[in-house]
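Enquirer: For reference, this is structure-v2.cif, and it has mmCIF, C-alpha atoms and all ligand atoms.
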```
data_my_file
loop_
_atom_site.label_atom_id
_atom_site.label_comp_id
_atom_site.auth_asym_id
_atom_site.auth_seq_id
_atom_site.Cartn_x
_atom_site.Cartn_y
_atom_site.Cartn_z
CA MET I 1 53.57 -32.79 44.16
CA ASN I 2 51.68 -29.65 43.13
CA ASP I 3 47.97 -29.59 42.30
CA ALA I 4 48.44 -29.57 38.52
CA THR I 5 50.68 -32.66 38.75
CA LYS I 6 48.18 -34.40 41.01
CA GLU I 7 45.45 -33.68 38.50
CA LEU I 8 47.49 -35.33 35.74
CA TYR I 9 48.29 -38.28 38.00
CA ARG I 10 44.53 -38.75 38.41
CA GLU I 11 44.12 -38.63 34.64
CA PHE I 12 46.67 -41.44 34.44
CA GLY I 13 44.47 -43.50 36.73
CA ILE I 14 46.23 -42.91 40.04
CA SER I 15 43.92 -42.63 43.04
CA ASP I 16 44.16 -39.95 45.72
CA LYS I 17 44.94 -42.62 48.29
CA VAL I 18 47.90 -43.91 46.25
CA ILE I 19 49.18 -40.36 45.71
CA GLU I 20 49.01 -39.74 49.44
CA ILE I 21 50.85 -42.96 50.32
CA SER I 22 53.53 -42.22 47.72
CA GLU I 23 54.11 -38.70 49.01
CA GLU I 24 54.57 -39.99 52.54
CA VAL I 25 57.23 -42.43 51.40
CA LEU I 26 58.98 -39.77 49.31
CA THR I 27 59.15 -37.32 52.19
CA SER I 28 60.98 -39.91 54.28
CA LEU I 29 63.64 -40.34 51.56
CA LYS I 30 64.80 -36.73 51.15
CA GLU I 31 68.13 -37.07 52.92
CA ARG I 32 69.08 -40.24 51.08
CA PHE I 33 68.29 -38.68 47.76
CA GLN I 34 70.55 -35.77 48.61
CA ARG I 35 73.46 -38.15 49.12
CA ILE I 36 72.73 -39.74 45.74
CA ASP I 37 72.83 -36.30 44.10
CA GLU I 38 76.16 -35.60 45.79
CA ASN I 39 77.62 -38.79 44.34
CA ALA I 40 76.30 -37.82 40.90
CA ASP I 41 78.10 -34.47 41.26
CA LEU I 42 81.35 -36.28 42.00
CA CYS I 43 80.99 -38.80 39.17
CA THR I 44 80.01 -36.10 36.67
CA LEU I 45 83.21 -34.21 37.41
CA LYS I 46 85.25 -37.42 37.10
CA VAL I 47 83.73 -37.97 33.66
CA LEU I 48 84.23 -34.33 32.64
CA LYS I 49 87.86 -34.52 33.71
CA ALA I 50 88.37 -37.55 31.48
CA PHE I 51 86.74 -35.73 28.54
CA GLN I 52 88.93 -32.66 28.95
CA LYS I 53 92.14 -34.56 29.60
CA ASN I 54 91.68 -36.38 26.30
CA ASN I 55 90.72 -33.21 24.47
CA VAL I 56 87.36 -34.45 23.22
CA ASN I 57 86.55 -32.08 20.36
CA GLU I 58 83.94 -31.82 17.66
CA SER I 59 85.85 -34.01 15.23
CA CYS I 60 85.66 -36.87 17.76
CA LEU I 61 81.92 -37.06 17.09
CA MET I 62 82.45 -38.02 13.42
CA GLY I 63 82.29 -41.72 12.73
CA THR I 64 84.05 -43.95 10.26
CA THR I 65 82.74 -46.67 7.95
CA GLY I 66 84.15 -49.84 6.40
CA TYR I 67 87.27 -51.08 8.19
CA GLY I 68 87.23 -48.07 10.47
CA TYR I 69 90.94 -47.34 10.31
CA ASN I 70 92.10 -44.20 12.13
CA ASP I 71 88.81 -43.70 13.91
CA LEU I 72 89.78 -40.74 16.10
CA GLY I 73 86.43 -40.55 17.92
CA ARG I 74 86.42 -44.26 18.76
CA ASP I 75 90.02 -44.26 19.96
CA THR I 76 89.48 -41.11 22.04
CA LEU I 77 86.31 -42.48 23.63
CA GLU I 78 88.26 -45.56 24.68
CA LYS I 79 90.82 -43.30 26.37
CA VAL I 80 88.02 -41.39 28.12
CA TYR I 81 86.61 -44.64 29.50
CA ALA I 82 90.07 -45.86 30.53
CA ASP I 83 90.66 -42.61 32.43
CA TYR I 84 87.31 -42.76 34.19
CA PHE I 85 87.94 -46.36 35.26
CA HIS I 86 91.62 -45.67 36.01
CA THR I 87 92.72 -48.54 33.80
CA GLU I 88 95.56 -48.75 31.30
CA ASP I 89 93.26 -49.40 28.40
CA CYS I 90 89.69 -49.98 27.30
CA LEU I 91 87.59 -51.24 24.40
CA VAL I 92 84.25 -49.46 23.86
CA ARG I 93 82.59 -50.67 20.69
CA PRO I 94 79.20 -50.89 19.02
CA GLN I 95 80.47 -54.25 17.69
CA ILE I 96 80.28 -55.59 21.25
CA THR I 97 76.56 -56.32 21.11
CA CYS I 98 75.57 -56.66 24.76
CA GLY I 99 76.80 -57.37 28.27
CA THR I 100 76.91 -61.12 27.78
CA HIS I 101 78.95 -60.64 24.62
CA ALA I 102 81.39 -58.34 26.42
CA LEU I 103 81.81 -60.86 29.23
CA ALA I 104 82.18 -63.79 26.83
CA LEU I 105 84.76 -61.81 24.88
CA ALA I 106 86.75 -60.95 28.01
CA LEU I 107 86.71 -64.61 29.10
CA MET I 108 87.44 -66.22 25.73
CA SER I 109 90.23 -63.75 24.99
CA ASN I 110 92.10 -64.42 28.19
CA LEU I 111 91.55 -68.14 28.74
CA ARG I 112 93.27 -70.94 26.83
CA PRO I 113 92.59 -74.70 26.67
CA GLY I 114 93.52 -76.32 29.98
CA ASP I 115 92.99 -73.14 31.97
CA GLU I 116 90.44 -72.96 34.75
CA LEU I 117 87.86 -70.25 35.39
CA VAL I 118 86.56 -69.68 38.92
CA SER I 119 83.43 -67.77 39.90
CA ALA I 120 84.08 -66.18 43.29
CA VAL I 121 80.45 -65.53 44.16
CA GLY I 122 78.49 -68.67 43.41
CA LYS I 123 76.42 -69.25 40.33
CA PRO I 124 76.95 -66.56 37.69
CA TYR I 125 74.30 -64.62 35.74
CA ASP I 126 71.93 -66.86 33.77
CA THR I 127 73.30 -66.14 30.30
CA LEU I 128 76.86 -66.88 31.43
CA GLU I 129 75.90 -70.47 32.19
CA GLU I 130 75.89 -71.10 28.45
CA VAL I 131 79.03 -69.06 27.83
CA ILE I 132 80.88 -71.13 30.41
CA GLY I 133 79.16 -74.40 29.53
CA ILE I 134 77.51 -75.02 32.92
CA ARG I 135 74.51 -75.66 30.70
CA PRO I 136 75.86 -77.46 27.60
CA SER I 137 75.96 -75.02 24.70
CA VAL I 138 77.57 -74.77 21.28
CA GLY I 139 80.77 -72.74 21.42
CA SER I 140 81.01 -72.65 25.21
CA LEU I 141 84.31 -72.40 27.09
CA ALA I 142 83.81 -76.04 28.09
CA GLU I 143 83.97 -77.07 24.41
CA TYR I 144 87.43 -75.51 24.27
CA GLY I 145 88.63 -77.47 27.29
CA ILE I 146 88.35 -74.65 29.79
CA ASN I 147 87.21 -75.93 33.16
CA TYR I 148 85.01 -74.18 35.63
CA ALA I 149 84.80 -74.13 39.41
CA GLN I 150 82.82 -71.94 41.75
CA ALA I 151 83.17 -70.71 45.30
CA ASP I 152 79.80 -70.88 46.95
CA LEU I 153 78.50 -68.00 49.01
CA ASN I 154 77.77 -67.94 52.73
CA GLU I 155 74.21 -68.73 53.71
CA ASP I 156 73.41 -65.02 53.94
CA GLY I 157 74.61 -64.55 50.36
CA THR I 158 77.87 -62.80 51.22
CA PRO I 159 81.19 -63.93 49.69
CA ASN I 160 83.09 -66.68 51.51
CA LEU I 161 86.80 -65.90 51.26
CA GLU I 162 87.80 -69.38 52.48
CA ASN I 163 85.71 -71.00 49.73
CA ILE I 164 87.33 -68.69 47.20
CA LYS I 165 90.84 -69.74 48.28
CA ASN I 166 89.83 -73.40 48.14
CA ALA I 167 88.28 -73.11 44.68
CA ILE I 168 91.55 -71.83 43.20
CA SER I 169 93.86 -74.49 41.76
CA ASP I 170 97.21 -74.49 39.89
CA LYS I 171 95.20 -74.22 36.69
CA THR I 172 93.16 -71.18 37.71
CA LYS I 173 93.83 -68.38 35.26
CA LEU I 174 90.90 -66.06 35.83
CA VAL I 175 88.45 -65.34 38.63
CA THR I 176 85.14 -63.73 37.75
CA ILE I 177 83.31 -61.56 40.28
CA GLN I 178 79.75 -60.50 39.59
CA ARG I 179 79.03 -57.16 41.25
CA SER I 180 75.26 -57.11 40.82
CA LYS I 181 72.94 -59.87 41.99
CA GLY I 182 71.29 -60.25 38.60
CA TYR I 183 68.31 -62.64 38.82
CA GLN I 184 69.21 -63.78 42.31
CA THR I 185 68.28 -62.67 45.77
CA ARG I 186 71.79 -62.49 47.21
CA PRO I 187 73.07 -59.02 48.11
CA SER I 188 74.98 -57.16 45.40
CA LEU I 189 78.61 -56.54 46.23
CA SER I 190 80.03 -53.23 47.38
CA VAL I 191 83.30 -52.10 45.85
CA ALA I 192 84.84 -52.68 49.32
CA GLN I 193 83.70 -56.34 49.27
CA ILE I 194 85.10 -56.73 45.77
CA ALA I 195 88.40 -55.33 47.07
CA ASP I 196 88.49 -58.06 49.74
CA ILE I 197 87.81 -60.77 47.16
CA ILE I 198 90.56 -59.47 44.86
CA LYS I 199 93.01 -59.26 47.77
CA THR I 200 92.20 -62.86 48.68
CA VAL I 201 92.66 -64.11 45.11
CA LYS I 202 95.93 -62.23 44.63
CA SER I 203 97.23 -63.59 47.95
CA VAL I 204 96.96 -67.10 46.52
CA ARG I 205 98.69 -66.15 43.25
CA GLY I 206 99.38 -62.64 42.06
CA ASP I 207 99.05 -63.45 38.36
CA ILE I 208 95.43 -64.61 38.47
CA ILE I 209 93.29 -62.25 36.41
CA CYS I 210 90.41 -60.75 38.41
CA MET I 211 87.49 -59.82 36.17
CA VAL I 212 84.43 -57.96 37.45
CA ASP I 213 81.04 -58.22 35.77
CA ASN I 214 80.24 -54.55 36.36
CA CYS I 215 76.74 -54.58 34.82
CA TYR I 216 74.39 -52.18 36.63
CA GLY I 217 77.11 -51.06 39.04
CA GLU I 218 78.77 -48.14 37.24
CA PHE I 219 78.51 -44.72 38.94
CA VAL I 220 76.64 -46.07 41.95
CA GLU I 221 79.65 -45.59 44.22
CA PRO I 222 82.41 -42.97 44.14
CA ILE I 223 84.94 -45.58 42.96
CA GLU I 224 84.83 -48.57 40.62
CA PRO I 225 86.20 -52.10 41.03
CA SER I 226 89.14 -51.15 38.81
CA ASP I 227 90.18 -48.71 41.58
CA VAL I 228 90.65 -51.64 43.93
CA GLY I 229 92.71 -53.95 41.74
CA ALA I 230 90.34 -55.54 39.19
CA ASP I 231 92.27 -56.44 36.04
CA MET I 232 89.16 -56.12 33.88
CA VAL I 233 85.76 -54.50 34.41
CA VAL I 234 83.08 -55.34 31.89
CA GLY I 235 79.65 -53.96 31.13
CA SER I 236 76.88 -53.08 28.71
CA LEU I 237 76.19 -49.67 27.19
CA ILE I 238 72.43 -50.13 27.28
CA LYS I 239 72.78 -50.12 31.06
CA ASN I 240 74.40 -47.43 33.24
CA PRO I 241 77.36 -46.16 31.18
CA GLY I 242 75.31 -45.53 28.04
CA GLY I 243 73.23 -43.00 29.96
CA GLY I 244 70.07 -44.04 28.11
CA LEU I 245 71.43 -42.67 24.84
CA ALA I 246 73.75 -45.43 23.61
CA GLN I 247 71.81 -47.70 21.25
CA VAL I 248 74.20 -50.65 21.38
CA GLY I 249 77.60 -51.54 22.74
CA GLY I 250 79.75 -52.93 25.48
CA TYR I 251 83.01 -52.04 27.15
CA ILE I 252 85.95 -53.85 28.68
CA ALA I 253 88.35 -51.68 30.70
CA GLY I 254 91.51 -53.18 32.12
CA THR I 255 95.20 -53.84 31.92
CA LYS I 256 97.06 -53.33 28.68
CA ASP I 257 97.72 -57.05 28.37
CA CYS I 258 94.12 -58.18 28.98
CA ILE I 259 92.66 -55.56 26.62
CA GLU I 260 95.14 -56.38 23.87
CA LYS I 261 94.06 -60.02 24.03
CA CYS I 262 90.41 -58.93 23.86
CA SER I 263 91.09 -56.79 20.80
CA TYR I 264 92.48 -59.73 18.81
CA ARG I 265 89.52 -61.89 19.71
CA LEU I 266 87.01 -59.11 19.01
CA THR I 267 88.15 -58.76 15.42
CA ALA I 268 90.94 -61.08 14.24
CA PRO I 269 94.51 -61.97 15.15
CA GLY I 270 96.73 -59.40 13.47
CA LEU I 271 93.94 -56.84 13.12
CA GLY I 272 92.92 -56.20 16.71
CA ARG I 273 91.58 -52.79 17.65
CA GLU I 274 92.66 -51.08 14.44
CA VAL I 275 89.45 -52.15 12.71
CA GLY I 276 85.84 -51.64 13.73
CA PRO I 277 84.04 -48.58 12.41
CA SER I 278 82.10 -46.45 14.89
CA LEU I 279 79.54 -45.66 12.13
CA GLU I 280 77.09 -43.09 13.51
CA ALA I 281 77.26 -44.21 17.12
CA LEU I 282 79.75 -41.76 18.61
CA PRO I 283 77.62 -38.72 19.50
CA ARG I 284 75.30 -40.91 21.55
CA LEU I 285 78.15 -42.85 23.15
CA TYR I 286 79.90 -39.66 24.25
CA GLN I 287 76.78 -37.86 25.37
CA GLY I 288 75.46 -40.98 27.07
CA PHE I 289 78.66 -41.43 29.07
CA PHE I 290 78.49 -37.76 30.02
CA MET I 291 74.86 -38.13 31.20
CA ALA I 292 75.42 -41.51 32.87
CA PRO I 293 76.14 -40.31 36.44
CA THR I 294 72.87 -38.35 36.67
CA VAL I 295 70.90 -41.01 34.82
CA THR I 296 72.23 -43.63 37.24
CA ALA I 297 71.19 -41.35 40.12
CA SER I 298 67.62 -41.27 38.76
CA ALA I 299 67.59 -45.03 38.51
CA LEU I 300 68.88 -45.34 42.09
CA LYS I 301 66.18 -43.06 43.44
CA SER I 302 63.54 -45.05 41.56
CA ALA I 303 64.86 -48.30 43.04
CA ILE I 304 64.90 -46.95 46.59
CA PHE I 305 61.44 -45.48 46.24
CA ALA I 306 60.06 -48.78 44.91
CA ALA I 307 61.61 -50.76 47.77
CA ASN I 308 60.23 -48.45 50.43
CA LEU I 309 56.78 -48.23 48.90
CA PHE I 310 56.22 -51.95 48.40
CA GLU I 311 57.84 -52.92 51.70
CA LYS I 312 55.25 -50.81 53.48
CA PHE I 313 52.65 -53.27 52.18
CA GLY I 314 54.49 -56.42 53.14
CA PHE I 315 56.32 -57.27 49.93
CA GLU I 316 59.86 -58.32 50.57
CA SER I 317 62.46 -56.18 48.86
CA PHE I 318 66.11 -56.91 48.05
CA PRO I 319 67.90 -54.82 48.94
CA ALA I 320 65.64 -53.67 51.76
CA GLY I 321 64.37 -50.12 51.55
CA SER I 322 66.82 -48.85 54.15
CA GLU I 323 69.94 -50.60 52.81
CA GLU I 324 72.89 -49.01 51.05
CA ARG I 325 72.90 -49.56 47.26
CA HIS I 326 75.61 -51.17 45.18
CA ASP I 327 73.70 -51.41 41.91
CA ILE I 328 70.47 -50.09 40.39
CA ILE I 329 68.49 -53.34 40.49
CA GLN I 330 65.60 -53.62 42.88
CA ALA I 331 64.07 -57.01 43.48
CA ILE I 332 60.54 -57.14 44.84
CA THR I 333 59.03 -60.49 45.69
CA PHE I 334 55.34 -61.03 45.06
CA GLY I 335 55.03 -64.70 46.01
CA LYS I 336 52.56 -65.41 43.20
CA PRO I 337 52.54 -64.94 39.43
CA GLU I 338 49.64 -62.43 39.48
CA GLY I 339 51.66 -59.91 41.50
CA LEU I 340 54.73 -60.14 39.26
CA ILE I 341 52.59 -59.83 36.13
CA ALA I 342 50.57 -56.87 37.49
CA PHE I 343 53.75 -55.04 38.47
CA CYS I 344 55.20 -55.49 34.98
CA GLU I 345 51.90 -54.41 33.40
CA GLY I 346 51.98 -51.20 35.43
CA ILE I 347 55.55 -50.41 34.41
CA GLN I 348 54.65 -51.02 30.77
CA ALA I 349 51.56 -48.82 31.02
CA ALA I 350 53.75 -45.97 32.29
CA ALA I 351 56.15 -46.14 29.33
CA PRO I 352 56.75 -43.38 26.77
CA VAL I 353 56.86 -45.99 23.97
CA ASP I 354 54.60 -49.06 23.55
CA SER I 355 52.42 -48.18 26.54
CA SER I 356 49.38 -49.75 24.88
CA PHE I 357 50.89 -53.24 24.90
CA ALA I 358 50.66 -55.70 27.77
CA PRO I 359 53.79 -57.75 28.49
CA GLU I 360 53.50 -61.55 28.35
CA PRO I 361 55.79 -64.30 29.69
CA TRP I 362 57.96 -65.86 26.94
CA ASP I 363 60.86 -68.27 26.43
CA MET I 364 63.74 -65.86 26.14
CA PRO I 365 66.97 -67.25 24.65
CA GLY I 366 69.62 -67.80 27.32
CA TYR I 367 67.18 -68.21 30.20
CA ASP I 368 65.95 -71.53 31.56
CA SER I 369 62.40 -70.52 32.53
CA LYS I 370 59.79 -68.20 31.03
CA VAL I 371 60.55 -64.51 31.57
CA ILE I 372 58.18 -61.55 31.64
CA MET I 373 59.61 -58.21 30.60
CA ALA I 374 58.11 -54.76 30.73
CA ALA I 375 59.86 -52.08 28.79
CA GLY I 376 58.63 -49.28 26.66
CA ALA I 377 62.06 -48.10 25.76
CA PHE I 378 63.54 -45.83 23.11
CA THR I 379 66.27 -48.44 22.69
CA SER I 380 65.04 -52.01 22.44
CA GLY I 381 65.97 -54.00 25.52
CA SER I 382 67.60 -51.05 27.25
CA SER I 383 67.44 -51.67 30.96
CA ILE I 384 68.72 -48.27 32.08
CA GLU I 385 65.35 -47.09 30.85
CA LEU I 386 62.45 -47.84 33.17
CA SER I 387 61.97 -51.60 32.94
CA ALA I 388 60.98 -54.61 34.96
CA ASP I 389 61.45 -58.27 34.37
CA GLY I 390 61.46 -61.52 36.17
CA PRO I 391 61.50 -65.25 35.60
CA LEU I 392 58.14 -66.99 36.06
CA ARG I 393 59.31 -69.19 38.90
CA GLU I 394 59.18 -69.16 42.68
CA PRO I 395 59.23 -66.81 44.49
CA TYR I 396 57.91 -64.62 41.63
CA THR I 397 60.34 -61.79 42.02
CA ALA I 398 60.25 -58.71 39.81
CA TYR I 399 63.62 -57.20 39.03
CA PHE I 400 63.01 -53.57 38.52
CA GLN I 401 65.56 -51.14 37.15
CA GLY I 402 66.15 -47.89 35.38
CA GLY I 403 64.39 -44.65 34.93
CA ILE I 404 66.44 -42.23 32.87
CA THR I 405 64.67 -39.36 34.60
CA TRP I 406 63.55 -39.39 38.21
CA SER I 407 60.20 -37.76 37.34
CA HIS I 408 59.37 -40.69 35.09
CA GLY I 409 60.84 -43.37 37.36
CA LYS I 410 58.69 -42.12 40.21
CA PHE I 411 55.57 -42.14 38.05
CA GLY I 412 56.27 -45.66 36.77
CA ILE I 413 56.50 -47.08 40.27
CA ILE I 414 53.31 -45.35 41.35
CA LYS I 415 51.56 -46.69 38.24
CA ALA I 416 52.79 -50.22 39.00
CA PHE I 417 51.58 -49.90 42.58
CA GLN I 418 48.19 -48.68 41.37
CA THR I 419 47.94 -51.68 39.02
CA LEU I 420 48.30 -54.02 42.00
CA VAL I 421 45.68 -51.99 43.86
CA ASP I 422 43.29 -52.21 40.90
CA LYS I 423 43.70 -56.00 40.78
CA GLY I 424 42.95 -56.32 44.46
CA LEU I 425 46.48 -57.41 45.34
CA ILE I 426 47.17 -54.43 47.68
CA LEU I 427 44.97 -52.32 49.99
C1 LIG Q 1 72.56 -57.64 32.25
C2 LIG Q 1 73.62 -58.45 32.88
C3 LIG Q 1 74.45 -59.28 32.12
C4 LIG Q 1 74.23 -59.53 30.66
O1 LIG Q 1 74.03 -58.43 29.91
P1 LIG Q 1 73.12 -58.47 28.58
O2 LIG Q 1 73.39 -57.13 28.02
O3 LIG Q 1 71.71 -58.67 28.98
O4 LIG Q 1 73.64 -59.56 27.71
C5 LIG Q 1 75.45 -59.94 32.78
N1 LIG Q 1 75.61 -59.83 34.10
C6 LIG Q 1 74.82 -59.07 34.87
C7 LIG Q 1 75.06 -59.00 36.34
C8 LIG Q 1 73.81 -58.34 34.28
O5 LIG Q 1 73.04 -57.59 35.04
#
```
For this file, produce the structure as structure tokens.
Expert:
Amino acid sequence: MNDATKELYREFGISDKVIEISEEVLTSLKERFQRIDENADLCTLKVLKAFQKNNVNESCLMGTTGYGYNDLGRDTLEKVYADYFHTEDCLVRPQITCGTHALALALMSNLRPGDELVSAVGKPYDTLEEVIGIRPSVGSLAEYGINYAQADLNEDGTPNLENIKNAISDKTKLVTIQRSKGYQTRPSLSVAQIADIIKTVKSVRGDIICMVDNCYGEFVEPIEPSDVGADMVVGSLIKNPGGGLAQVGGYIAGTKDCIEKCSYRLTAPGLGREVGPSLEALPRLYQGFFMAPTVTASALKSAIFAANLFEKFGFESFPAGSEERHDIIQAITFGKPEGLIAFCEGIQAAAPVDSSFAPEPWDMPGYDSKVIMAAGAFTSGSSIELSADGPLREPYTAYFQGGITWSHGKFGIIKAFQTLVDKGLIL
């Protein structure tokens, strides 16, 4: 950090002591950050190759309105995504409103009454409990007579392949595999672990659909779950693949058959993918996907820095500061509500938008306890932008993610750390 930057840090309320501690931690991370940059180089070229192969040209940036027939830009973007993920097909739409919607769509499109859904890695993400009907909910899969079973994890949070085999029955049609830990403290899965799960499932019956909830995982590793046999990978555009520019949207990449079924559920039987205008969304969706590998790299560096900084002061981090990453989420456990709240306040205070507001715990739809969320984002709710959230329950863990530039991610973490210092919770 040069002197002019340090001076500005001080103006933002950061003490010399905190600057010094931060610099020490950053120096120790140089080599790791270089490896992250190398992966971003690789992923950028993969994306560029998909753009050029599909001849993305200026006319692809024009949107359509109304029914959206013959939407060249939309159809080309879907081919670009399919090529990046090495899948037969893909849906990428602003009409898919979020990650939960994309996952619900993928499930509801491919399951029929009497079928069974299995989660291979224990309890799924909070909002999926209502989609599946684990928590009774209007319109859930359970209401349509689709049963659910889950394979519990090992005690250390790793997948248990025996449990997965045992959870599969004659009725099992689809197995869902959540790559990222979400609001849990189990380890996120590597693509290699996902490969083992898929191999196990397919060894029981080859026609079981393997779906991966890919939220927060895109571009973290050189390959994606669809490179190791996943039939569908599903995610949100206001996370990694939107590169901080997409303002709404979700994607489902997968086999021709699975994606065709999704298209008829997304719009209507008979209409499928032919309708759905891209409106004005395309320039941001293209540019966001193009930026996504480097944006994800910034988010990864921010996560690793946060883990190493807070660990130094005794706060438990998942994954640990030294561990390999499989997603961009960093969990930091504070043990008491004050720590979680102070951390979120610091992140909010560092934001480019809404920095004058203080975040407060609230009853967020889809979650079963109060949640505190810090985000001063250009796109509402975007969690590829610097953000932190966590449910107000034991052990008071903040889930920190994002940072569309590393310069800002770094500052946000330092500001959050300083907020804990100011409240007498550290140092
Ligand atoms: C964010 C997330 C979801 C849900 O996405 P929303 O866009 O918030 O609806 C599902 N699964 C995982 C693992 C996630 O991280």
Enquirer: What does the list of residues within 10 Å of ligand LIG 1 (chain Q) look like if you count all atoms listed in the file, written as JSON, numbers by chain?
Expert: {"I": [96, 97, 98, 99, 100, 101, 102, 103, 104, 124, 125, 126, 127, 128, 177, 178, 179, 180, 181, 182, 183, 184, 188, 212, 213, 214, 215, 216, 217, 234, 235, 236, 237, 238, 239, 248, 249, 250, 327, 328, 329, 366, 381, 382, 383]}
Enquirer: Quote the spacing between atom CA of I:Ala151 and atom CA of I:Thr87 in Å to one decimal place.
Expert: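 Taking atom CA of I:Ala151 and atom CA of I:Thr87, their separation equals 26.7 Å.
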Enquirer: Which distance in Å separates atom CA of I:Ala149 and atom CA of I:Arg112, to one decimal?
Expert: 15.5 Å
Enquirer: Name the residues in contact with stretch 406-413 of chain I at a cut-off of 9 Å, using only C-alpha atoms, excluding same-chain residues fewer than 5 positions from it; report them as a PyMOL selection string.
Expert: chain I and resi 9+295+297-303+305-306+309+343+346-351+385-386+418
Enquirer: Please provide as a list in words all residues within 7 Å of I:Ser140, with the sequence filter that same-chain residues fewer than 6 positions apart are discarded (counting all atoms listed in the file).
Expert: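 Returned residues: Glu130, Val131, Ile132 and Gly133 of chain I.
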Enquirer: Could those selected residues go to a file with C-alpha atoms, as a short mmCIF file (atom, residue, chain, number, x, y, z; two decimals), in the coordinates of the input?
Expert:
```cif
data_model
loop_
_atom_site.label_atom_id
_atom_site.label_comp_id
_atom_site.auth_asym_id
_atom_site.auth_seq_id
_atom_site.Cartn_x
_atom_site.Cartn_y
_atom_site.Cartn_z
CA GLU I 130 75.89 -71.10 28.45
CA VAL I 131 79.03 -69.06 27.83
CA ILE I 132 80.88 -71.13 30.41
CA GLY I 133 79.16 -74.40 29.53
#
```
Enquirer: Closest to I:Pro337 among I:Val121, I:Ala192, I:Leu427, I:Leu420, using only C-alpha atoms?
Expert: I:Leu420
Enquirer: Which residue is closest to I:Asp196? Choose from I:Ala398, I:Cys210, I:Ile259, I:Ala292 and count only C-alpha atoms.
Expert: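 Residue with the minimum atom-to-atom distance to I:Asp196: I:Cys210.
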Enquirer: Using only C-alpha atoms, pick whichever of I:Gly206, I:Pro319, I:Pro94, I:Gly314 has the shortest atom-to-atom distance to I:Phe400.
Expert: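 Checking each candidate against I:Phe400, we get I:Pro319 as the closest.
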Enquirer: Distance atom CA of I:Glu58-atom CA of I:Lys256, one decimal place?
Expert: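 Computing the Euclidean distance for atom CA of I:Glu58 and atom CA of I:Lys256 yields 27.5 Å.
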Enquirer: Show me, as a VMD selection string, the residues that have an atom within 10 Å of I:Asp41 when counting only C-alpha atoms, minus same-chain residues fewer than 4 positions from it.
Expert: chain I and resid 35 to 37 45 to 46 222 293 to 294 297
Enquirer: Please provide the set of residues having any atom within 9 Å of I:Glu78, restricted to only C-alpha atoms, with same-chain residues fewer than 6 positions apart removed, written as a PyMOL selection string.
Expert: chain I and resi 89-93+251+253
Enquirer: Could you dump the residues just selected with C-alpha atoms as an mmCIF file, keeping the file's coordinate frame?
Expert:
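Saved to selection-v8.cif:
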```
data_model
loop_
_atom_site.group_PDB
_atom_site.id
_atom_site.type_symbol
_atom_site.label_atom_id
_atom_site.label_comp_id
_atom_site.auth_asym_id
_atom_site.auth_seq_id
_atom_site.Cartn_x
_atom_site.Cartn_y
_atom_site.Cartn_z
ATOM 1 C CA ASP I 89 93.260 -49.400 28.400
ATOM 2 C CA CYS I 90 89.690 -49.980 27.300
ATOM 3 C CA LEU I 91 87.590 -51.240 24.400
ATOM 4 C CA VAL I 92 84.250 -49.460 23.860
ATOM 5 C CA ARG I 93 82.590 -50.670 20.690
ATOM 6 C CA TYR I 251 83.010 -52.040 27.150
ATOM 7 C CA ALA I 253 88.350 -51.680 30.700
#
```
Enquirer: Taking all atoms listed in the file into account, name the residue in I:Thr172, I:Gln150, I:Ser190, I:Gln287 that is nearest to I:Glu218.
Expert: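 Closest to I:Glu218 of all the choices is I:Ser190.
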Enquirer: Need the shell around I:Ala388: protein/DNA/RNA residues with any atom at most 6 Å away, counting all atoms listed in the file. Skip same-chain ones fewer than 5 positions apart. Format as an mmCIF file with C-alpha atoms, keeping the file's coordinate frame?
Expert:
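So out-v5.cif came out as:
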```
data_model
loop_
_atom_site.group_PDB
_atom_site.id
_atom_site.type_symbol
_atom_site.label_atom_id
_atom_site.label_comp_id
_atom_site.auth_asym_id
_atom_site.auth_seq_id
_atom_site.Cartn_x
_atom_site.Cartn_y
_atom_site.Cartn_z
ATOM 1 C CA CYS I 344 55.200 -55.490 34.980
ATOM 2 C CA MET I 373 59.610 -58.210 30.600
ATOM 3 C CA ALA I 374 58.110 -54.760 30.730
ATOM 4 C CA TYR I 399 63.620 -57.200 39.030
ATOM 5 C CA PHE I 400 63.010 -53.570 38.520
#
```
Enquirer: Per residue of stretch 64-150 of chain I within 12 Å of stretch 156-170 of chain I, what are the shortest atom pair and its distance in Å to one decimal, counting all atoms listed in the file, with rows by chain and residue number, as a Markdown table?
Expert:
```
| residue | atom | partner | partner_atom | distance |
| --- | --- | --- | --- | --- |
| I:Gly114 | CA | I:Asp170 | CA | 10.7 |
| I:Asp115 | CA | I:Asp170 | CA | 9.1 |
| I:Glu116 | CA | I:Ser169 | CA | 7.9 |
| I:Leu117 | CA | I:Ile168 | CA | 8.8 |
| I:Val118 | CA | I:Ile168 | CA | 6.9 |
| I:Ser119 | CA | I:Ile164 | CA | 8.3 |
| I:Ala120 | CA | I:Ile164 | CA | 5.7 |
| I:Val121 | CA | I:Pro159 | CA | 5.8 |
| I:Gly122 | CA | I:Pro159 | CA | 8.3 |
| I:Lys123 | CA | I:Gly157 | CA | 11.2 |
| I:Asn147 | CA | I:Ser169 | CA | 11.0 |
| I:Tyr148 | CA | I:Ala167 | CA | 9.7 |
| I:Ala149 | CA | I:Ala167 | CA | 6.4 |
| I:Gln150 | CA | I:Ala167 | CA | 6.3 |
```
Enquirer: With distances taken over only C-alpha atoms, which residue among I:Asn70, I:Ser28, I:Thr76, I:Gln34 lies nearest I:Gln52?
Expert: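 Residue with the minimum atom-to-atom distance to I:Gln52: I:Thr76.
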